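Undergrad: This is the structure I want to talk about, given as structure tokens.
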Amino acid sequence: MSFLHGLADRDRVFDFLVPQASPVDVRHGPILYLEDVSVSFDGFKAINDLNLTIDDGELRCIIGPNGAGKTTMMDIITGKTRPDTGSVWFGSRHNLLTKNEPEIARLGIGRKFQKPTVFEALSVFENLELAMATDKSLWPTLVARRNADLRNRIEEVMETVGLSALSRRQAGILSHGQKQWLEIGMLLMQRPRLLLVDEPVAGMTEQEMERTAELLKGLAGKHSVVVVEHDMGFVRSIARTVTVLHQGSVLAEGSMDKVASDPRVVEVYLGGDEEAA
Amino acid sequence: MMTSRHWLARPFSERSTLTFLAVLCGAMALVVLANLLPADHPLHVSTYTVTLLGKYLCYALLAVAVDLVWGYLGILSLGHGAFFALGGYAMGMYLMRQIGDRGVYGDPLLPDFMVFLDWDSLPWYWLGFDMPGVAFAMVLLAPGLLALVFGFLAFRSRVTGVYLSIITQALTFALMLAFFRNEMGFGGNNGLTDFKELLGFDLSADSTRLGLFIASGVALALGFLLCRAIVVSKLGRVCVAVRDAESRTRFLGYRVERYQLFVFVVSAMLAGVAGALYVPQVGIINPSEFSPLFSIEIVVWVALGGRATLYGAVIGALAVNYAKSVFTGIMPEAWLFALGALFVLVTVLLPQGIAGLLSRRRQHDDAPNNMAVKQEATP
């Protein structure tokens, strides 16, 4: 009888109906694991036997000359590009090669594009609202209400990225730096485990760069952060570990000082030109 | 905050929506009253004019449907005339079956054109259309299903932008060619006509015509409210997000193609309803409604009225069609040139359309979808 009562109980959802929250398993170390990944476009090897591991909570910078495969690597992790060979694992449970873009986003991998892409016609608040980690299927979205939970979360994120005062401002009229922060805020709304950040300080003023560095350093620990960046000064100011990509594979890895003194890195990336460093 | 209410009730807390409804209801009440005045009264509005206005209201609903997908979702459909015509044909088939044995050939079952073609039985897809319930369901289902299948294929393959526009244009053109064929069983190039009555009401009676006018207005109001409810919901904001940065929306975890499909199907069904109300008022439906030119004309109405406001689409449809009625009366051959010139002028001088003029004054308290805000605020 109690079983029948249980079935008739409409307030609760049965266990087997609860979506299987599949936490990312990082007990074995890395949160992101790429092994022997290769991909070629029309014969050009964009990624060539790439091996890369990112630890949980780490802040990693990835540098490399144009065409080194940085963006392609991001595309592979987020499911936009399928590699020809190799394996890509998120924690030790999720094989990313079997998942599509939205699934990977829902697993907790957030990506910030090179060019800030926020929804220009929507306000800062609405941009963050759309990014909130919640049921994103059709009907729940149509009937969605703004509850206290959502508001608190948005307030919190606006505080983190420093946009609280601009809540109702249209995203299209924000400054370049503010758009970048809004986009990072949108990533945070998804409560990601891993953040992929593509050239966050391109086109920023010195002051904005400093704030961005603070922001990213503050995020590491709670999240794993992978930053692709050209600006050496910026990389030096935030990175503990730097990975240098060249022609689709890892050329060197280690602290900034170690990497910068590696003769191979100096040759391919800095082109022997010391000023570039 | 308006988003705390039931999603269908949200539009009622918007001032612009209430204004729109008030203006629409007021104007319709005036027309109805003026029509009921004795015929020799100076303020009398003839039933002919009432029917003409009813036709405009159907066009306005069609324009709202197009604005929903174009203005908010960024899908420029150049084939919405097809959904309009399918809804019209569903209604036309019902009206044909209602003629019964009063046709020219007096066949109790077969419509005149089938007797003329020497057919001896009703094609299977005409069965059930004598029942209003079935016919009215088909008004929604026929355009809805076409949009579902077409949209599923297009959006799944991520066909967007100008390519989608071209395919929708091809869709309506293909349907036009198909419906021109007598073997299709929809009356060929003559289409369906000679209607007698709708739900037992004589279609030539003044009272029926007035009723159809009111029904068109009510359909427009309800369609507008539904679209508004969609647009102000979170789903509406997702649509705007898809319009402005599709792949970004996908990375946020939204299944963009489902949103596109949902809104596209809703829009097609609204277009179907508009077509169904249009047919009894004009008394005929033929394949010319499928013509690509008509679909493009709808887009011109919306562009002229102002995209992404919904009420702009209504204004555009009414204004252009009124101008068309006047113009084609004076010099019919110049109409297309006038329409083209109007379109060019509006695009160049008034990118936000007529609605952009209206909202310029109150841009700060308006919805975020108003692109005029963005343009003017950018230094």
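All residue names refer to the structure tokens as shown: chains lettered A, B, ... in order, residues numbered from 1 in each chain, ligands numbered from 1 in order.
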Near segment 83-96 of chain A, within 12 Å and counting only C-alpha atoms, which residues show up once chain neighbours fewer than 2 positions away are dropped, as an MDAnalysis selection string?
TA: chainID A and resid 22:41 43 45:56 72:81 98:109 193:194 224
Undergrad: For the residues in that selection, give me C-alpha atoms as a PDB file, in the first residue's frame.
TA:
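See selection16.pdb below for the written result:
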```pdb
ATOM      1  CA  SER A  22      26.975  12.722 -13.599  1.00  0.00           C
ATOM      2  CA  PRO A  23      29.616  14.563 -11.681  1.00  0.00           C
ATOM      3  CA  VAL A  24      32.999  14.912 -13.203  1.00  0.00           C
ATOM      4  CA  ASP A  25      35.271  12.290 -11.718  1.00  0.00           C
ATOM      5  CA  VAL A  26      38.632  13.851 -10.919  1.00  0.00           C
ATOM      6  CA  ARG A  27      39.807  11.360  -8.311  1.00  0.00           C
ATOM      7  CA  HIS A  28      42.448  10.153 -10.705  1.00  0.00           C
ATOM      8  CA  GLY A  29      43.911  13.608 -11.200  1.00  0.00           C
ATOM      9  CA  PRO A  30      43.300  15.516 -14.390  1.00  0.00           C
ATOM     10  CA  ILE A  31      40.010  17.172 -15.244  1.00  0.00           C
ATOM     11  CA  LEU A  32      40.876  17.327 -18.923  1.00  0.00           C
ATOM     12  CA  TYR A  33      42.881  14.730 -20.729  1.00  0.00           C
ATOM     13  CA  LEU A  34      43.853  14.795 -24.398  1.00  0.00           C
ATOM     14  CA  GLU A  35      45.858  11.917 -25.769  1.00  0.00           C
ATOM     15  CA  ASP A  36      47.392  11.515 -29.228  1.00  0.00           C
ATOM     16  CA  VAL A  37      44.848  13.821 -30.785  1.00  0.00           C
ATOM     17  CA  SER A  38      45.271  14.559 -34.476  1.00  0.00           C
ATOM     18  CA  VAL A  39      43.071  16.378 -36.915  1.00  0.00           C
ATOM     19  CA  SER A  40      43.743  17.530 -40.429  1.00  0.00           C
ATOM     20  CA  PHE A  41      41.876  19.794 -42.773  1.00  0.00           C
ATOM     21  CA  GLY A  43      45.744  17.364 -45.663  1.00  0.00           C
ATOM     22  CA  LYS A  45      47.596  18.771 -39.914  1.00  0.00           C
ATOM     23  CA  ALA A  46      46.120  21.379 -37.615  1.00  0.00           C
ATOM     24  CA  ILE A  47      46.623  19.181 -34.560  1.00  0.00           C
ATOM     25  CA  ASN A  48      49.349  16.587 -34.581  1.00  0.00           C
ATOM     26  CA  ASP A  49      49.588  13.966 -31.808  1.00  0.00           C
ATOM     27  CA  LEU A  50      48.640  16.459 -29.145  1.00  0.00           C
ATOM     28  CA  ASN A  51      48.917  15.349 -25.532  1.00  0.00           C
ATOM     29  CA  LEU A  52      47.661  17.633 -22.813  1.00  0.00           C
ATOM     30  CA  THR A  53      46.383  17.222 -19.270  1.00  0.00           C
ATOM     31  CA  ILE A  54      44.822  19.894 -17.119  1.00  0.00           C
ATOM     32  CA  ASP A  55      44.521  19.324 -13.376  1.00  0.00           C
ATOM     33  CA  ASP A  56      41.458  20.135 -11.356  1.00  0.00           C
ATOM     34  CA  THR A  72      41.328  24.030 -33.160  1.00  0.00           C
ATOM     35  CA  MET A  73      42.192  22.475 -29.811  1.00  0.00           C
ATOM     36  CA  MET A  74      39.388  24.484 -28.177  1.00  0.00           C
ATOM     37  CA  ASP A  75      37.059  23.381 -30.971  1.00  0.00           C
ATOM     38  CA  ILE A  76      37.876  19.752 -30.287  1.00  0.00           C
ATOM     39  CA  ILE A  77      37.286  20.052 -26.558  1.00  0.00           C
ATOM     40  CA  THR A  78      33.940  21.776 -27.043  1.00  0.00           C
ATOM     41  CA  GLY A  79      32.789  19.305 -29.679  1.00  0.00           C
ATOM     42  CA  LYS A  80      32.803  21.684 -32.625  1.00  0.00           C
ATOM     43  CA  THR A  81      35.490  19.726 -34.435  1.00  0.00           C
ATOM     44  CA  THR A  98      30.879  10.872 -28.069  1.00  0.00           C
ATOM     45  CA  LYS A  99      29.104  14.115 -27.176  1.00  0.00           C
ATOM     46  CA  ASN A 100      27.815  17.100 -29.104  1.00  0.00           C
ATOM     47  CA  GLU A 101      28.235  20.777 -28.303  1.00  0.00           C
ATOM     48  CA  PRO A 102      25.210  21.309 -26.041  1.00  0.00           C
ATOM     49  CA  GLU A 103      25.935  18.100 -24.131  1.00  0.00           C
ATOM     50  CA  ILE A 104      29.501  19.154 -23.511  1.00  0.00           C
ATOM     51  CA  ALA A 105      28.335  22.588 -22.409  1.00  0.00           C
ATOM     52  CA  ARG A 106      25.958  20.933 -19.956  1.00  0.00           C
ATOM     53  CA  LEU A 107      28.726  18.728 -18.577  1.00  0.00           C
ATOM     54  CA  GLY A 108      30.376  21.894 -17.354  1.00  0.00           C
ATOM     55  CA  ILE A 109      32.801  23.071 -20.005  1.00  0.00           C
ATOM     56  CA  ARG A 193      34.124  22.943 -13.942  1.00  0.00           C
ATOM     57  CA  LEU A 194      36.384  23.943 -16.784  1.00  0.00           C
ATOM     58  CA  SER A 224      39.871  24.903 -13.827  1.00  0.00           C
TER      59      SER A 224
END
```
Undergrad: Can you list every residue in segment 16-242 of chain A that DSSP puts in strand (DSSP E or B), as an NGL selection string?
TA: :A and (30-41 or 44-55 or 59-63 or 85-90 or 94-95 or 109-112 or 123 or 170 or 194-198 or 220 or 223-228 or 241-242)
Undergrad: Name the residues of segment 217-266 of chain A that fall into helix (DSSP H, G or I) according to DSSP on the backbone, using the chain letters and numbers of this document, as a ChimeraX atom specification.
TA: /A:217-219,232-238,256-260,263-266
Undergrad: List as a PyMOL selection string the protein and nucleic acid residues near Pro200 of chain A, meaning an atom at most 8 Å away when only C-alpha atoms are counted, but skip any in the same chain fewer than 2 places from it.
TA: chain A and resi 112+114+180+197-198+202+212+227-229
Undergrad: So which one's closest to Ala260 of chain A, A:Thr117, A:Ala68, A:Thr241, A:Met158? Using only C-alpha atoms, please.
TA: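 Nearest to Ala260 of chain A: A:Thr241.
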Undergrad: Just checking: using only C-alpha atoms, which residue out of B:Arg10, B:Lys196, B:Arg181, B:Lys324 ends up closest to Gly340 of chain B?
TA: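 Closest residue, counting only C-alpha atoms: B:Lys324.
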Undergrad: Using only C-alpha atoms, tabulate the residues of chain A lying at most 8 Å from any atom of chain B, each with its closest atom pair and that distance in Å to one decimal, by chain and increasing residue number, as a Markdown table.
TA:
```
| residue | atom | partner | partner_atom | distance |
| --- | --- | --- | --- | --- |
| A:Glu101 | CA | B:Phe251 | CA | 6.4 |
| A:Pro102 | CA | B:Gly253 | CA | 4.3 |
| A:Glu103 | CA | B:Gly253 | CA | 7.0 |
| A:Ala105 | CA | B:Gly253 | CA | 5.6 |
| A:Arg106 | CA | B:Gly253 | CA | 6.1 |
| A:Gly110 | CA | B:Phe251 | CA | 7.7 |
| A:Arg111 | CA | B:Phe251 | CA | 7.5 |
| A:Thr117 | CA | B:Arg248 | CA | 7.0 |
| A:Val118 | CA | B:Ala245 | CA | 7.6 |
| A:Phe119 | CA | B:Ala241 | CA | 5.6 |
| A:Glu120 | CA | B:Asp244 | CA | 7.3 |
| A:Ala121 | CA | B:Pro368 | CA | 5.8 |
| A:Leu122 | CA | B:Pro368 | CA | 5.4 |
| A:Ser123 | CA | B:Pro368 | CA | 6.9 |
| A:Glu126 | CA | B:Arg237 | CA | 7.7 |
| A:Leu130 | CA | B:Val238 | CA | 6.9 |
| A:Ala131 | CA | B:Leu252 | CA | 5.9 |
| A:Lys136 | CA | B:Tyr254 | CA | 5.7 |
| A:Ser137 | CA | B:Tyr254 | CA | 7.0 |
| A:Leu138 | CA | B:Tyr259 | CA | 6.6 |
| A:Thr141 | CA | B:Leu235 | CA | 5.2 |
| A:Leu142 | CA | B:Leu235 | CA | 4.8 |
| A:Val143 | CA | B:Trp7 | CA | 5.4 |
| A:Ala144 | CA | B:Lys234 | CA | 6.4 |
| A:Arg145 | CA | B:Ser4 | CA | 5.2 |
| A:Arg146 | CA | B:Thr3 | CA | 6.2 |
| A:Asn147 | CA | B:Ser4 | CA | 7.7 |
| A:Gln170 | CA | B:Pro368 | CA | 7.3 |
| A:Gly172 | CA | B:Lys374 | CA | 6.5 |
| A:Ile173 | CA | B:Thr378 | CA | 6.1 |
| A:Gln190 | CA | B:Leu252 | CA | 7.8 |
```
Undergrad: Do you know which residues are at most 7 Å from segment 296-301 of chain B counting only C-alpha atoms, after dropping those on the same chain fewer than 3 positions away, and could you put them as a ChimeraX atom specification?
TA: /B:63,78,292-293,304-305,313,316-317,320,343
Undergrad: Using only C-alpha atoms, can you tell me which of A:Arg264, A:Lys179, A:His230, A:Lys258 comes closest to Asn66 of chain A?
TA: A:His230
Undergrad: Which one of A:Ile238, A:Met189, A:Ala171, A:Ile154 sits closest to Gly218 of chain A if you count only C-alpha atoms?
TA: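 Counting only C-alpha atoms, the residue closest to Gly218 of chain A is A:Ile238.
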Undergrad: Need the shell around Val273 of chain B: protein/DNA/RNA residues with any atom at most 7 Å away, counting only C-alpha atoms. Skip same-chain ones fewer than 3 positions apart. Format as a short mmCIF file (atom, residue, chain, number, x, y, z; two decimals) with N, CA and C atoms, in the first residue's frame?
TA:
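Below you can see selection24.cif, which holds the result:
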```cif
data_model
loop_
_atom_site.label_atom_id
_atom_site.label_comp_id
_atom_site.auth_asym_id
_atom_site.auth_seq_id
_atom_site.Cartn_x
_atom_site.Cartn_y
_atom_site.Cartn_z
N GLY B 87 -3.73 27.08 -45.19
CA GLY B 87 -4.85 27.33 -44.29
C GLY B 87 -6.08 27.71 -45.09
N VAL B 139 -6.85 23.43 -40.81
CA VAL B 139 -6.37 24.81 -40.99
C VAL B 139 -5.07 25.00 -40.21
N LEU B 140 -5.00 24.38 -39.01
CA LEU B 140 -3.78 24.46 -38.21
C LEU B 140 -2.77 23.39 -38.60
N MET B 269 1.26 28.16 -38.29
CA MET B 269 -0.13 27.92 -37.93
C MET B 269 -0.92 29.23 -37.89
N LEU B 270 -0.29 30.28 -37.37
CA LEU B 270 -0.97 31.58 -37.36
C LEU B 270 -1.25 32.03 -38.78
N ALA B 276 -7.31 31.01 -43.53
CA ALA B 276 -8.64 30.42 -43.40
C ALA B 276 -9.71 31.50 -43.25
N LEU B 277 -9.38 32.59 -42.56
CA LEU B 277 -10.36 33.66 -42.39
C LEU B 277 -10.45 34.54 -43.63
#
```
Undergrad: Looking at only C-alpha atoms, which of B:Val115, B:Val23, B:Gly133, B:Leu146 is the one that sits closest to Asp101 of chain B?
TA: B:Val115
Undergrad: Excluding Ala154 of chain B and any residue of its chain fewer than 4 positions from it, enumerate the residues within 9 Å of it, using only C-alpha atoms, and give them as a PyMOL selection string.
TA: chain B and resi 149-150+158-160+164+167+257
Undergrad: Which of these, A:Ala220, A:Val266, A:Ala252, A:Glu206, has the shortest distance to Ala239 of chain A once you count only C-alpha atoms?
TA: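 Of A:Ala220, A:Val266, A:Ala252, A:Glu206, the one nearest Ala239 of chain A is A:Ala220, counting only C-alpha atoms.
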